[in-house]
$ cat structure_27.pdb   # PDB, C-alpha atoms
ATOM      1  CA  MET L  17       0.412 -16.369   2.807  1.00  0.00           C
ATOM      2  CA  LYS L  18      -1.395 -14.443   5.530  1.00  0.00           C
ATOM      3  CA  VAL L  19      -2.654 -10.868   5.163  1.00  0.00           C
ATOM      4  CA  THR L  20      -3.561  -8.706   8.150  1.00  0.00           C
ATOM      5  CA  TYR L  21      -5.400  -5.421   7.764  1.00  0.00           C
ATOM      6  CA  ILE L  22      -3.850  -3.044  10.294  1.00  0.00           C
ATOM      7  CA  TYR L  23      -5.597   0.288   9.703  1.00  0.00           C
ATOM      8  CA  HIS L  24      -6.351   2.667   6.825  1.00  0.00           C
ATOM      9  CA  SER L  25      -3.690   1.726   4.210  1.00  0.00           C
ATOM     10  CA  GLY L  26      -1.624  -0.393   6.585  1.00  0.00           C
ATOM     11  CA  PHE L  27      -1.312  -4.101   5.822  1.00  0.00           C
ATOM     12  CA  ALA L  28       1.044  -6.900   6.796  1.00  0.00           C
ATOM     13  CA  VAL L  29       1.765  -9.817   4.479  1.00  0.00           C
ATOM     14  CA  GLU L  30       3.327 -12.834   6.176  1.00  0.00           C
ATOM     15  CA  LEU L  31       5.178 -15.320   3.990  1.00  0.00           C
ATOM     16  CA  ASP L  32       7.132 -18.408   5.004  1.00  0.00           C
ATOM     17  CA  ASN L  33      10.398 -16.595   5.605  1.00  0.00           C
ATOM     18  CA  CYS L  34       9.632 -12.883   5.714  1.00  0.00           C
ATOM     19  CA  ILE L  35       7.095 -10.201   6.585  1.00  0.00           C
ATOM     20  CA  LEU L  36       6.088  -7.303   4.326  1.00  0.00           C
ATOM     21  CA  LEU L  37       4.634  -4.372   6.285  1.00  0.00           C
ATOM     22  CA  PHE L  38       3.073  -1.568   4.248  1.00  0.00           C
ATOM     23  CA  ASP L  39       2.259   2.043   5.198  1.00  0.00           C
ATOM     24  CA  TYR L  40       1.881   1.414   8.911  1.00  0.00           C
ATOM     25  CA  TYR L  41       1.161   4.469  11.023  1.00  0.00           C
ATOM     26  CA  LYS L  42      -1.544   3.381  13.449  1.00  0.00           C
ATOM     27  CA  GLY L  43      -3.118   0.247  14.892  1.00  0.00           C
ATOM     28  CA  GLU L  44      -2.051  -2.955  16.615  1.00  0.00           C
ATOM     29  CA  LEU L  45       0.559  -5.025  14.837  1.00  0.00           C
ATOM     30  CA  PRO L  46       0.632  -8.825  14.823  1.00  0.00           C
ATOM     31  CA  ARG L  47       3.429 -10.610  16.660  1.00  0.00           C
ATOM     32  CA  TRP L  48       5.975 -12.233  14.374  1.00  0.00           C
ATOM     33  CA  GLU L  49       8.730 -14.774  14.787  1.00  0.00           C
ATOM     34  CA  LYS L  50      12.029 -13.077  15.579  1.00  0.00           C
ATOM     35  CA  ASN L  51      13.929 -15.158  13.023  1.00  0.00           C
ATOM     36  CA  LYS L  52      11.874 -13.809  10.124  1.00  0.00           C
ATOM     37  CA  MET L  53      13.111 -10.924   8.006  1.00  0.00           C
ATOM     38  CA  ILE L  54      10.886  -7.854   8.321  1.00  0.00           C
ATOM     39  CA  TYR L  55      10.640  -5.550   5.306  1.00  0.00           C
ATOM     40  CA  VAL L  56       8.898  -2.272   6.129  1.00  0.00           C
ATOM     41  CA  PHE L  57       7.559  -0.135   3.279  1.00  0.00           C
ATOM     42  CA  ALA L  58       6.419   3.477   3.544  1.00  0.00           C
ATOM     43  CA  SER L  59       5.151   4.832   0.246  1.00  0.00           C
ATOM     44  CA  HIS L  60       5.416   8.528   1.119  1.00  0.00           C
ATOM     45  CA  LYS L  61       5.614  11.097   3.894  1.00  0.00           C
ATOM     46  CA  HIS L  62       1.911  11.801   4.530  1.00  0.00           C
ATOM     47  CA  GLN L  63       1.145  11.187   8.190  1.00  0.00           C
ATOM     48  CA  ASP L  64      -1.529   8.593   7.365  1.00  0.00           C
ATOM     49  CA  HIS L  65       1.137   6.480   5.602  1.00  0.00           C
ATOM     50  CA  PHE L  66       4.334   7.112   7.567  1.00  0.00           C
ATOM     51  CA  GLN L  67       5.254   7.692  11.208  1.00  0.00           C
ATOM     52  CA  LEU L  68       8.663   7.580  12.860  1.00  0.00           C
ATOM     53  CA  LYS L  69       7.478   4.891  15.266  1.00  0.00           C
ATOM     54  CA  ILE L  70       8.090   2.287  12.565  1.00  0.00           C
ATOM     55  CA  PHE L  71      11.738   2.511  13.591  1.00  0.00           C
ATOM     56  CA  ASP L  72      10.847   1.196  17.059  1.00  0.00           C
ATOM     57  CA  LEU L  73      10.367  -2.187  15.387  1.00  0.00           C
ATOM     58  CA  ALA L  74      14.140  -2.462  15.033  1.00  0.00           C
ATOM     59  CA  LYS L  75      14.381  -2.766  18.829  1.00  0.00           C
ATOM     60  CA  GLU L  76      12.259  -5.906  18.768  1.00  0.00           C
ATOM     61  CA  TYR L  77      13.101  -7.484  15.420  1.00  0.00           C
ATOM     62  CA  PRO L  78      16.830  -7.757  14.715  1.00  0.00           C
ATOM     63  CA  LYS L  79      16.365  -8.676  11.057  1.00  0.00           C
ATOM     64  CA  ILE L  80      14.665  -5.620   9.566  1.00  0.00           C
ATOM     65  CA  HIS L  81      15.027  -3.269   6.627  1.00  0.00           C
ATOM     66  CA  TYR L  82      13.073  -0.170   5.608  1.00  0.00           C
ATOM     67  CA  PHE L  83      12.121   0.924   2.102  1.00  0.00           C
ATOM     68  CA  LEU L  84      10.959   4.531   2.062  1.00  0.00           C
ATOM     69  CA  GLY L  85       9.588   6.626  -0.755  1.00  0.00           C
ATOM     70  CA  SER L  86      12.248   9.093  -1.830  1.00  0.00           C
ATOM     71  CA  ASP L  87      10.201  12.051  -0.548  1.00  0.00           C
ATOM     72  CA  ILE L  88      10.902  10.861   3.020  1.00  0.00           C
ATOM     73  CA  LYS L  89      14.101  12.708   3.928  1.00  0.00           C
ATOM     74  CA  LEU L  90      15.789  11.671   7.167  1.00  0.00           C
ATOM     75  CA  ASN L  91      19.201  12.981   8.167  1.00  0.00           C
ATOM     76  CA  GLY L  92      21.191  11.994  11.218  1.00  0.00           C
ATOM     77  CA  LYS L  93      20.602  15.194  13.184  1.00  0.00           C
ATOM     78  CA  TYR L  94      16.847  14.977  12.663  1.00  0.00           C
ATOM     79  CA  LEU L  95      16.807  11.375  13.876  1.00  0.00           C
ATOM     80  CA  GLU L  96      18.800  12.296  16.971  1.00  0.00           C
ATOM     81  CA  ARG L  97      16.317  15.057  17.819  1.00  0.00           C
ATOM     82  CA  LYS L  98      13.576  12.438  17.611  1.00  0.00           C
ATOM     83  CA  ASN L  99      15.520  10.033  19.861  1.00  0.00           C
ATOM     84  CA  ILE L 100      16.148   7.605  17.018  1.00  0.00           C
ATOM     85  CA  ALA L 101      19.664   6.204  16.647  1.00  0.00           C
ATOM     86  CA  PRO L 102      21.216   7.637  13.459  1.00  0.00           C
ATOM     87  CA  SER L 103      22.609   4.146  12.792  1.00  0.00           C
ATOM     88  CA  ILE L 104      19.095   3.172  11.659  1.00  0.00           C
ATOM     89  CA  LYS L 105      19.996   4.793   8.338  1.00  0.00           C
ATOM     90  CA  GLU L 106      22.118   1.723   7.591  1.00  0.00           C
ATOM     91  CA  ASN L 107      18.842  -0.211   7.373  1.00  0.00           C
ATOM     92  CA  ILE L 108      17.018   2.277   5.143  1.00  0.00           C
ATOM     93  CA  THR L 109      16.774   2.256   1.364  1.00  0.00           C
ATOM     94  CA  ASN L 110      15.070   5.173  -0.336  1.00  0.00           C
ATOM     95  CA  VAL L 111      13.114   4.198  -3.424  1.00  0.00           C
ATOM     96  CA  GLY L 112      12.548   6.676  -6.238  1.00  0.00           C
ATOM     97  CA  LYS L 113       9.867   6.662  -8.895  1.00  0.00           C
ATOM     98  CA  ASN L 114       9.824   3.978 -11.610  1.00  0.00           C
ATOM     99  CA  LYS L 115      12.810   2.097 -10.212  1.00  0.00           C
ATOM    100  CA  ARG L 116      13.761  -1.569 -10.032  1.00  0.00           C
ATOM    101  CA  LEU L 117      15.972  -2.974  -7.322  1.00  0.00           C
ATOM    102  CA  SER L 118      16.922  -6.251  -5.717  1.00  0.00           C
ATOM    103  CA  PHE L 119      17.525  -6.716  -2.000  1.00  0.00           C
ATOM    104  CA  ASP L 120      18.257 -10.009  -0.298  1.00  0.00           C
ATOM    105  CA  LYS L 121      15.787 -12.369  -1.937  1.00  0.00           C
ATOM    106  CA  ILE L 122      13.108  -9.852  -2.930  1.00  0.00           C
ATOM    107  CA  GLU L 123      12.574  -7.744  -6.036  1.00  0.00           C
ATOM    108  CA  ILE L 124      11.025  -4.276  -5.885  1.00  0.00           C
ATOM    109  CA  LEU L 125       9.440  -2.234  -8.662  1.00  0.00           C
ATOM    110  CA  SER L 126       8.171   1.255  -7.901  1.00  0.00           C
ATOM    111  CA  LEU L 127       5.558   3.261  -9.753  1.00  0.00           C
ATOM    112  CA  ARG L 128       5.158   7.017  -9.707  1.00  0.00           C
ATOM    113  CA  SER L 129       2.331   8.106  -7.441  1.00  0.00           C
ATOM    114  CA  THR L 130      -0.324  10.547  -8.605  1.00  0.00           C
ATOM    115  CA  ASP L 131       0.104  12.228  -5.219  1.00  0.00           C
ATOM    116  CA  GLU L 132       3.329  11.878  -3.219  1.00  0.00           C
ATOM    117  CA  GLY L 133       5.953   9.161  -3.287  1.00  0.00           C
ATOM    118  CA  VAL L 134       5.592   5.781  -4.927  1.00  0.00           C
ATOM    119  CA  ALA L 135       3.557   2.616  -5.244  1.00  0.00           C
ATOM    120  CA  PHE L 136       5.335  -0.684  -4.549  1.00  0.00           C
ATOM    121  CA  ILE L 137       5.328  -3.996  -6.387  1.00  0.00           C
ATOM    122  CA  ILE L 138       7.134  -6.699  -4.426  1.00  0.00           C
ATOM    123  CA  SER L 139       8.158 -10.137  -5.644  1.00  0.00           C
ATOM    124  CA  ALA L 140       9.047 -12.431  -2.759  1.00  0.00           C
ATOM    125  CA  GLU L 141       8.954 -16.198  -2.266  1.00  0.00           C
ATOM    126  CA  GLY L 142       7.120 -16.685  -5.541  1.00  0.00           C
ATOM    127  CA  ARG L 143       4.447 -14.109  -4.678  1.00  0.00           C
ATOM    128  CA  ASN L 144       3.685 -10.770  -6.322  1.00  0.00           C
ATOM    129  CA  ILE L 145       2.250  -8.063  -4.093  1.00  0.00           C
ATOM    130  CA  TYR L 146       1.008  -4.607  -5.130  1.00  0.00           C
ATOM    131  CA  HIS L 147       0.552  -1.721  -2.702  1.00  0.00           C
ATOM    132  CA  ALA L 148      -0.663   1.506  -4.257  1.00  0.00           C
ATOM    133  CA  GLY L 149       0.248   3.975  -1.527  1.00  0.00           C
ATOM    134  CA  ASP L 150      -1.488   7.103  -2.824  1.00  0.00           C
ATOM    135  CA  LEU L 151      -1.319   6.102  -6.477  1.00  0.00           C
ATOM    136  CA  ASN L 152      -4.958   6.584  -7.397  1.00  0.00           C
ATOM    137  CA  TRP L 153      -7.297   8.276  -9.843  1.00  0.00           C
ATOM    138  CA  TRP L 154      -7.914  11.341  -7.679  1.00  0.00           C
ATOM    139  CA  HIS L 155     -10.946  12.979  -9.291  1.00  0.00           C
ATOM    140  CA  TRP L 156     -12.143  15.845  -7.108  1.00  0.00           C
ATOM    141  CA  ASP L 157     -15.397  17.703  -7.792  1.00  0.00           C
ATOM    142  CA  GLY L 158     -14.721  21.424  -7.979  1.00  0.00           C
ATOM    143  CA  GLU L 159     -11.198  21.089  -9.329  1.00  0.00           C
ATOM    144  CA  PRO L 160     -10.611  22.789 -12.699  1.00  0.00           C
ATOM    145  CA  TYR L 161     -10.931  20.616 -15.785  1.00  0.00           C
ATOM    146  CA  PRO L 162      -7.176  20.339 -16.486  1.00  0.00           C
ATOM    147  CA  PHE L 163      -6.493  18.915 -13.016  1.00  0.00           C
ATOM    148  CA  ASN L 164      -8.915  16.017 -13.281  1.00  0.00           C
ATOM    149  CA  GLU L 165      -8.020  15.381 -16.916  1.00  0.00           C
ATOM    150  CA  ASN L 166      -4.309  15.219 -16.128  1.00  0.00           C
ATOM    151  CA  MET L 167      -4.961  13.039 -13.096  1.00  0.00           C
ATOM    152  CA  ALA L 168      -6.799  10.497 -15.234  1.00  0.00           C
ATOM    153  CA  LYS L 169      -3.968  10.525 -17.773  1.00  0.00           C
ATOM    154  CA  ASP L 170      -1.232  10.127 -15.154  1.00  0.00           C
ATOM    155  CA  TYR L 171      -2.994   7.306 -13.330  1.00  0.00           C
ATOM    156  CA  LYS L 172      -3.717   5.370 -16.510  1.00  0.00           C
ATOM    157  CA  LYS L 173      -0.090   5.741 -17.598  1.00  0.00           C
ATOM    158  CA  GLU L 174       1.189   4.069 -14.426  1.00  0.00           C
ATOM    159  CA  ILE L 175      -1.346   1.235 -14.460  1.00  0.00           C
ATOM    160  CA  ASP L 176      -0.844   0.701 -18.196  1.00  0.00           C
ATOM    161  CA  SER L 177       2.851   0.110 -17.448  1.00  0.00           C
ATOM    162  CA  ILE L 178       1.855  -3.026 -15.495  1.00  0.00           C
ATOM    163  CA  GLN L 179      -0.918  -4.067 -17.899  1.00  0.00           C
ATOM    164  CA  GLY L 180      -1.834  -7.720 -17.362  1.00  0.00           C
ATOM    165  CA  MET L 181       0.628  -8.251 -14.506  1.00  0.00           C
ATOM    166  CA  HIS L 182      -0.430 -10.939 -12.024  1.00  0.00           C
ATOM    167  CA  PHE L 183      -0.700 -10.179  -8.319  1.00  0.00           C
ATOM    168  CA  ASP L 184      -1.442 -12.640  -5.553  1.00  0.00           C
ATOM    169  CA  ALA L 185      -2.653  -9.706  -3.432  1.00  0.00           C
ATOM    170  CA  ALA L 186      -3.218  -6.058  -4.307  1.00  0.00           C
ATOM    171  CA  PHE L 187      -3.987  -3.149  -1.981  1.00  0.00           C
ATOM    172  CA  VAL L 188      -5.899  -0.425  -3.830  1.00  0.00           C
ATOM    173  CA  PRO L 189      -7.561   2.829  -2.651  1.00  0.00           C
ATOM    174  CA  LEU L 190     -11.344   3.095  -2.476  1.00  0.00           C
ATOM    175  CA  ASP L 191     -11.716   6.572  -1.011  1.00  0.00           C
ATOM    176  CA  PRO L 192     -15.242   7.775  -0.107  1.00  0.00           C
ATOM    177  CA  ARG L 193     -14.146  11.428  -0.106  1.00  0.00           C
ATOM    178  CA  LEU L 194     -14.145  11.341  -3.904  1.00  0.00           C
ATOM    179  CA  GLY L 195     -17.933  11.139  -4.073  1.00  0.00           C
ATOM    180  CA  HIS L 196     -19.186   9.604  -7.298  1.00  0.00           C
ATOM    181  CA  ALA L 197     -15.559   9.049  -8.404  1.00  0.00           C
ATOM    182  CA  TYR L 198     -14.591   6.853  -5.430  1.00  0.00           C
ATOM    183  CA  GLY L 199     -14.255   3.772  -7.640  1.00  0.00           C
ATOM    184  CA  PHE L 200     -12.518   5.254 -10.698  1.00  0.00           C
ATOM    185  CA  GLY L 201      -9.063   4.027  -9.694  1.00  0.00           C
ATOM    186  CA  MET L 202     -10.296   0.612  -8.573  1.00  0.00           C
ATOM    187  CA  ASP L 203     -12.200   0.167 -11.847  1.00  0.00           C
ATOM    188  CA  TYR L 204      -9.162   0.839 -13.979  1.00  0.00           C
ATOM    189  CA  PHE L 205      -6.862  -1.318 -11.862  1.00  0.00           C
ATOM    190  CA  LEU L 206      -9.198  -4.323 -11.970  1.00  0.00           C
ATOM    191  CA  ARG L 207      -9.711  -4.078 -15.714  1.00  0.00           C
ATOM    192  CA  HIS L 208      -6.027  -3.795 -16.573  1.00  0.00           C
ATOM    193  CA  THR L 209      -4.274  -6.158 -14.174  1.00  0.00           C
ATOM    194  CA  ASN L 210      -4.754  -9.725 -13.005  1.00  0.00           C
ATOM    195  CA  ALA L 211      -5.122  -9.838  -9.233  1.00  0.00           C
ATOM    196  CA  ASP L 212      -6.199 -12.924  -7.303  1.00  0.00           C
ATOM    197  CA  LYS L 213      -7.436 -10.854  -4.372  1.00  0.00           C
ATOM    198  CA  VAL L 214      -7.858  -7.098  -4.032  1.00  0.00           C
ATOM    199  CA  PHE L 215      -7.978  -5.419  -0.633  1.00  0.00           C
ATOM    200  CA  PRO L 216      -9.661  -1.995  -0.672  1.00  0.00           C
ATOM    201  CA  MET L 217      -7.916   0.602   1.481  1.00  0.00           C
ATOM    202  CA  HIS L 218      -7.756   4.315   2.292  1.00  0.00           C
ATOM    203  CA  MET L 219     -11.461   4.158   3.184  1.00  0.00           C
ATOM    204  CA  TRP L 220     -11.278   6.243   6.386  1.00  0.00           C
ATOM    205  CA  GLU L 221     -13.082   3.382   8.188  1.00  0.00           C
ATOM    206  CA  GLU L 222     -16.137   3.642   5.929  1.00  0.00           C
ATOM    207  CA  TYR L 223     -16.045  -0.060   5.164  1.00  0.00           C
ATOM    208  CA  GLY L 224     -19.566  -0.047   3.749  1.00  0.00           C
ATOM    209  CA  TYR L 225     -18.110   1.338   0.545  1.00  0.00           C
ATOM    210  CA  ILE L 226     -16.797  -2.133  -0.273  1.00  0.00           C
ATOM    211  CA  GLY L 227     -20.315  -3.543  -0.476  1.00  0.00           C
ATOM    212  CA  LYS L 228     -21.430  -0.434  -2.339  1.00  0.00           C
ATOM    213  CA  TYR L 229     -18.645  -0.844  -4.866  1.00  0.00           C
ATOM    214  CA  LYS L 230     -19.467  -4.520  -5.403  1.00  0.00           C
ATOM    215  CA  LYS L 231     -22.894  -3.438  -6.671  1.00  0.00           C
ATOM    216  CA  THR L 232     -21.409  -1.257  -9.420  1.00  0.00           C
ATOM    217  CA  LEU L 233     -21.004  -2.472 -12.995  1.00  0.00           C
ATOM    218  CA  THR L 234     -17.293  -3.198 -12.602  1.00  0.00           C
ATOM    219  CA  GLY L 235     -17.589  -4.322  -8.999  1.00  0.00           C
ATOM    220  CA  ARG L 236     -20.071  -7.041  -9.921  1.00  0.00           C
ATOM    221  CA  GLN L 237     -17.651  -8.455 -12.491  1.00  0.00           C
ATOM    222  CA  TYR L 238     -14.847  -8.762  -9.930  1.00  0.00           C
ATOM    223  CA  GLU L 239     -16.899  -9.421  -6.809  1.00  0.00           C
ATOM    224  CA  GLU L 240     -15.123 -12.662  -5.889  1.00  0.00           C
ATOM    225  CA  GLN L 241     -11.713 -10.989  -6.080  1.00  0.00           C
ATOM    226  CA  ILE L 242     -12.586  -8.074  -3.793  1.00  0.00           C
ATOM    227  CA  MET L 243     -12.048  -8.814  -0.126  1.00  0.00           C
ATOM    228  CA  ASP L 244     -14.557  -7.706   2.504  1.00  0.00           C
ATOM    229  CA  ILE L 245     -12.874  -5.693   5.244  1.00  0.00           C
ATOM    230  CA  ASP L 246     -14.888  -4.554   8.248  1.00  0.00           C
ATOM    231  CA  ARG L 247     -12.427  -3.969  11.121  1.00  0.00           C
ATOM    232  CA  PRO L 248      -8.777  -3.323  11.973  1.00  0.00           C
ATOM    233  CA  GLY L 249      -6.849  -6.468  12.812  1.00  0.00           C
ATOM    234  CA  GLN L 250      -8.833  -8.619  10.390  1.00  0.00           C
ATOM    235  CA  GLU L 251      -6.840 -11.589   9.085  1.00  0.00           C
ATOM    236  CA  PHE L 252      -7.028 -13.376   5.759  1.00  0.00           C
ATOM    237  CA  GLU L 253      -5.298 -16.684   5.127  1.00  0.00           C
ATOM    238  CA  GLU L 254      -5.222 -18.086   1.605  1.00  0.00           C
ATOM    239  CA  TRP L 255      -8.069 -17.274   1.454  1.00  0.00           C
ATOM    240  CA  ASN L 256     -10.405 -17.667   4.423  1.00  0.00           C
ATOM    241  CA  ILE L 257     -13.538 -16.241   2.861  1.00  0.00           C
TER     242      ILE L 257
END

$ encode --input "structure_27.pdb" --output "structure tokens"
Amino acid sequence: MKVTYIYHSGFAVELDNCILLFDYYKGELPRWEKNKMIYVFASHKHQDHFQLKIFDLAKEYPKIHYFLGSDIKLNGKYLERKNIAPSIKENITNVGKNKRLSFDKIEILSLRSTDEGVAFIISAEGRNIYHAGDLNWWHWDGEPYPFNENMAKDYKKEIDSIQGMHFDAAFVPLDPRLGHAYGFGMDYFLRHTNADKVFPMHMWEEYGYIGKYKKTLTGRQYEEQIMDIDRPGQEFEEWNI
């Protein structure tokens, strides 16, 4: 298994027979073998997680399918206005919240995001992959008490639903905009799941927060599991650390 950090929350996971591409909107993509199946996941419609240019990949890779959070609404007329062939809809599956589905040889479980859309859990070729999208413990200073209290409750509910689940790789937000609460979601995820390697994301290029987090009480306990990311295009191969 090979993981490539693309940009922000965008990652590619290359397995023997397929590619999983998550929340790509910006950055240089690796080159892949044309005979591999490409599964493209977009967790929700926010512009830092989804852009229409993902459909350009279908021109280069004939074996491709898109899984889009159900908040991403695309009708034929809209696609035509954007110079995208409406036939692309044949290769799109919308994924709602808390759903299970099978497609080809992969299994997909979605979680309800605490923002927009979904988080994805993918089982493929004997691997389990978690991508949070914007499922996070969004604790914002200045918000009224009920907001932050409900956010904590909603986030814990989703992570509790996968309590103890094993992941070969997990992509989890570590957002510096949250101030002192930047690690709340990461803390809870690490303590309640079993991930071999965790890739922090949604850091707005402030990669120093990974080292900062590793010095926290929870971060020190899981230091070996947390991957150090310092640049777009960085590659990790089982596991080159």

$ residues_around --input "structure_27.pdb" --residues "Met217 in chain L" --least-positions-apart "2" --cutoff "8 Å" --atoms "only C-alpha atoms" --output "number ranges by chain"
L: 24-25, 187-191, 215, 219

$ write_last_selection --input "structure_27.pdb" --atoms "C-alpha atoms" --output "PDB file, in the frame of the given file"
ATOM      1  CA  HIS L  24      -6.351   2.667   6.825  1.00  0.00           C
ATOM      2  CA  SER L  25      -3.690   1.726   4.210  1.00  0.00           C
ATOM      3  CA  PHE L 187      -3.987  -3.149  -1.981  1.00  0.00           C
ATOM      4  CA  VAL L 188      -5.899  -0.425  -3.830  1.00  0.00           C
ATOM      5  CA  PRO L 189      -7.561   2.829  -2.651  1.00  0.00           C
ATOM      6  CA  LEU L 190     -11.344   3.095  -2.476  1.00  0.00           C
ATOM      7  CA  ASP L 191     -11.716   6.572  -1.011  1.00  0.00           C
ATOM      8  CA  PHE L 215      -7.978  -5.419  -0.633  1.00  0.00           C
ATOM      9  CA  MET L 219     -11.461   4.158   3.184  1.00  0.00           C
TER      10      MET L 219
END

$ resolve_selection --input "structure_27.pdb" --expression "the PyMOL selection byres ((chain L and resi 67) around 10)" --output "NGL selection string"
:L and (39-42 or 58 or 61-66 or 68-71)

$ residues_around --input "structure_27.pdb" --residues "Lys173 in chain L" --least-positions-apart "4" --cutoff "12 Å" --atoms "only C-alpha atoms" --output "PDB file with C-alpha atoms, keeping the file's coordinate frame"
ATOM      1  CA  ASN L 114       9.824   3.978 -11.610  1.00  0.00           C
ATOM      2  CA  LEU L 127       5.558   3.261  -9.753  1.00  0.00           C
ATOM      3  CA  ARG L 128       5.158   7.017  -9.707  1.00  0.00           C
ATOM      4  CA  SER L 129       2.331   8.106  -7.441  1.00  0.00           C
ATOM      5  CA  THR L 130      -0.324  10.547  -8.605  1.00  0.00           C
ATOM      6  CA  LEU L 151      -1.319   6.102  -6.477  1.00  0.00           C
ATOM      7  CA  ASN L 152      -4.958   6.584  -7.397  1.00  0.00           C
ATOM      8  CA  TRP L 153      -7.297   8.276  -9.843  1.00  0.00           C
ATOM      9  CA  ASN L 166      -4.309  15.219 -16.128  1.00  0.00           C
ATOM     10  CA  MET L 167      -4.961  13.039 -13.096  1.00  0.00           C
ATOM     11  CA  ALA L 168      -6.799  10.497 -15.234  1.00  0.00           C
ATOM     12  CA  LYS L 169      -3.968  10.525 -17.773  1.00  0.00           C
ATOM     13  CA  SER L 177       2.851   0.110 -17.448  1.00  0.00           C
ATOM     14  CA  ILE L 178       1.855  -3.026 -15.495  1.00  0.00           C
ATOM     15  CA  GLN L 179      -0.918  -4.067 -17.899  1.00  0.00           C
ATOM     16  CA  TYR L 204      -9.162   0.839 -13.979  1.00  0.00           C
ATOM     17  CA  PHE L 205      -6.862  -1.318 -11.862  1.00  0.00           C
ATOM     18  CA  HIS L 208      -6.027  -3.795 -16.573  1.00  0.00           C
TER      19      HIS L 208
END

$ resolve_selection --input "structure_27.pdb" --expression "the PyMOL selection byres ((chain L and resi 192) around 10)" --output "PDB file with C-alpha atoms, keeping the file's coordinate frame"
ATOM      1  CA  PRO L 189      -7.561   2.829  -2.651  1.00  0.00           C
ATOM      2  CA  LEU L 190     -11.344   3.095  -2.476  1.00  0.00           C
ATOM      3  CA  ASP L 191     -11.716   6.572  -1.011  1.00  0.00           C
ATOM      4  CA  ARG L 193     -14.146  11.428  -0.106  1.00  0.00           C
ATOM      5  CA  LEU L 194     -14.145  11.341  -3.904  1.00  0.00           C
ATOM      6  CA  GLY L 195     -17.933  11.139  -4.073  1.00  0.00           C
ATOM      7  CA  HIS L 196     -19.186   9.604  -7.298  1.00  0.00           C
ATOM      8  CA  ALA L 197     -15.559   9.049  -8.404  1.00  0.00           C
ATOM      9  CA  TYR L 198     -14.591   6.853  -5.430  1.00  0.00           C
ATOM     10  CA  GLY L 199     -14.255   3.772  -7.640  1.00  0.00           C
ATOM     11  CA  HIS L 218      -7.756   4.315   2.292  1.00  0.00           C
ATOM     12  CA  MET L 219     -11.461   4.158   3.184  1.00  0.00           C
ATOM     13  CA  TRP L 220     -11.278   6.243   6.386  1.00  0.00           C
ATOM     14  CA  GLU L 221     -13.082   3.382   8.188  1.00  0.00           C
ATOM     15  CA  GLU L 222     -16.137   3.642   5.929  1.00  0.00           C
ATOM     16  CA  TYR L 223     -16.045  -0.060   5.164  1.00  0.00           C
ATOM     17  CA  GLY L 224     -19.566  -0.047   3.749  1.00  0.00           C
ATOM     18  CA  TYR L 225     -18.110   1.338   0.545  1.00  0.00           C
TER      19      TYR L 225
END

$ residues_around --input "structure_27.pdb" --residues "Gly112 in chain L" --least-positions-apart "3" --cutoff "8 Å" --atoms "all atoms listed in the file" --output "number ranges by chain"
L: 85-86, 115, 126, 133-134

$ residues_around --input "structure_27.pdb" --residues "Ala140 in chain L" --least-positions-apart "3" --cutoff "12 Å" --atoms "only C-alpha atoms" --output "MDAnalysis selection string"
chainID L and resid 17 29:36 53 55 118:125 137 143:146 183:184

$ closest_atom_pairs --input "structure_27.pdb" --of "range 178-227 of chain L" --to "range 233-236 of chain L" --cutoff "10 Å" --atoms "only C-alpha atoms" --output "JSON lines"
{"residue": "L:Gly199", "atom": "CA", "partner": "L:Gly235", "partner_atom": "CA", "distance": 8.9}
{"residue": "L:Phe200", "atom": "CA", "partner": "L:Thr234", "partner_atom": "CA", "distance": 9.9}
{"residue": "L:Met202", "atom": "CA", "partner": "L:Gly235", "partner_atom": "CA", "distance": 8.8}
{"residue": "L:Asp203", "atom": "CA", "partner": "L:Thr234", "partner_atom": "CA", "distance": 6.2}
{"residue": "L:Tyr204", "atom": "CA", "partner": "L:Thr234", "partner_atom": "CA", "distance": 9.2}
{"residue": "L:Leu206", "atom": "CA", "partner": "L:Thr234", "partner_atom": "CA", "distance": 8.2}
{"residue": "L:Arg207", "atom": "CA", "partner": "L:Thr234", "partner_atom": "CA", "distance": 8.2}
{"residue": "L:Ile226", "atom": "CA", "partner": "L:Gly235", "partner_atom": "CA", "distance": 9.0}
{"residue": "L:Gly227", "atom": "CA", "partner": "L:Gly235", "partner_atom": "CA", "distance": 9.0}

$ write_last_selection --input "structure_27.pdb" --atoms "C-alpha atoms" --output "JSON list (two decimals), in the frame of the given file"
[["chain", "number", "residue", "atom", "x", "y", "z"],
["L", 199, "GLY", "CA", -14.26, 3.77, -7.64],
["L", 200, "PHE", "CA", -12.52, 5.25, -10.70],
["L", 202, "MET", "CA", -10.30, 0.61, -8.57],
["L", 203, "ASP", "CA", -12.20, 0.17, -11.85],
["L", 204, "TYR", "CA", -9.16, 0.84, -13.98],
["L", 206, "LEU", "CA", -9.20, -4.32, -11.97],
["L", 207, "ARG", "CA", -9.71, -4.08, -15.71],
["L", 226, "ILE", "CA", -16.80, -2.13, -0.27],
["L", 227, "GLY", "CA", -20.32, -3.54, -0.48]]

$ atom_distance --input "structure_27.pdb" --atom1 "CA of Asp157 in chain L" --atom2 "CA of Ser59 in chain L"
25.5 Å

$ residues_around --input "structure_27.pdb" --residues "Phe252 in chain L" --least-positions-apart "4" --cutoff "10 Å" --atoms "all atoms listed in the file" --output "MDAnalysis selection string"
chainID L and resid 17:21 29 243:245 256:257

$ atom_distance --input "structure_27.pdb" --atom1 "CA of Lys79 in chain L" --atom2 "CA of His182 in chain L"
28.6 Å

$ closest_residue --input "structure_27.pdb" --among "L:Arg247, L:Lys89, L:His60, L:Lys113" --to "Glu44 in chain L" --atoms "all atoms listed in the file"
L:Arg247

$ atom_distance --input "structure_27.pdb" --atom1 "CA of Trp154 in chain L" --atom2 "CA of Gly201 in chain L"
7.7 Å

$ closest_residue --input "structure_27.pdb" --among "L:Val56, L:Pro162, L:Tyr94, L:Asp176" --to "Asp72 in chain L" --atoms "all atoms listed in the file"
L:Val56
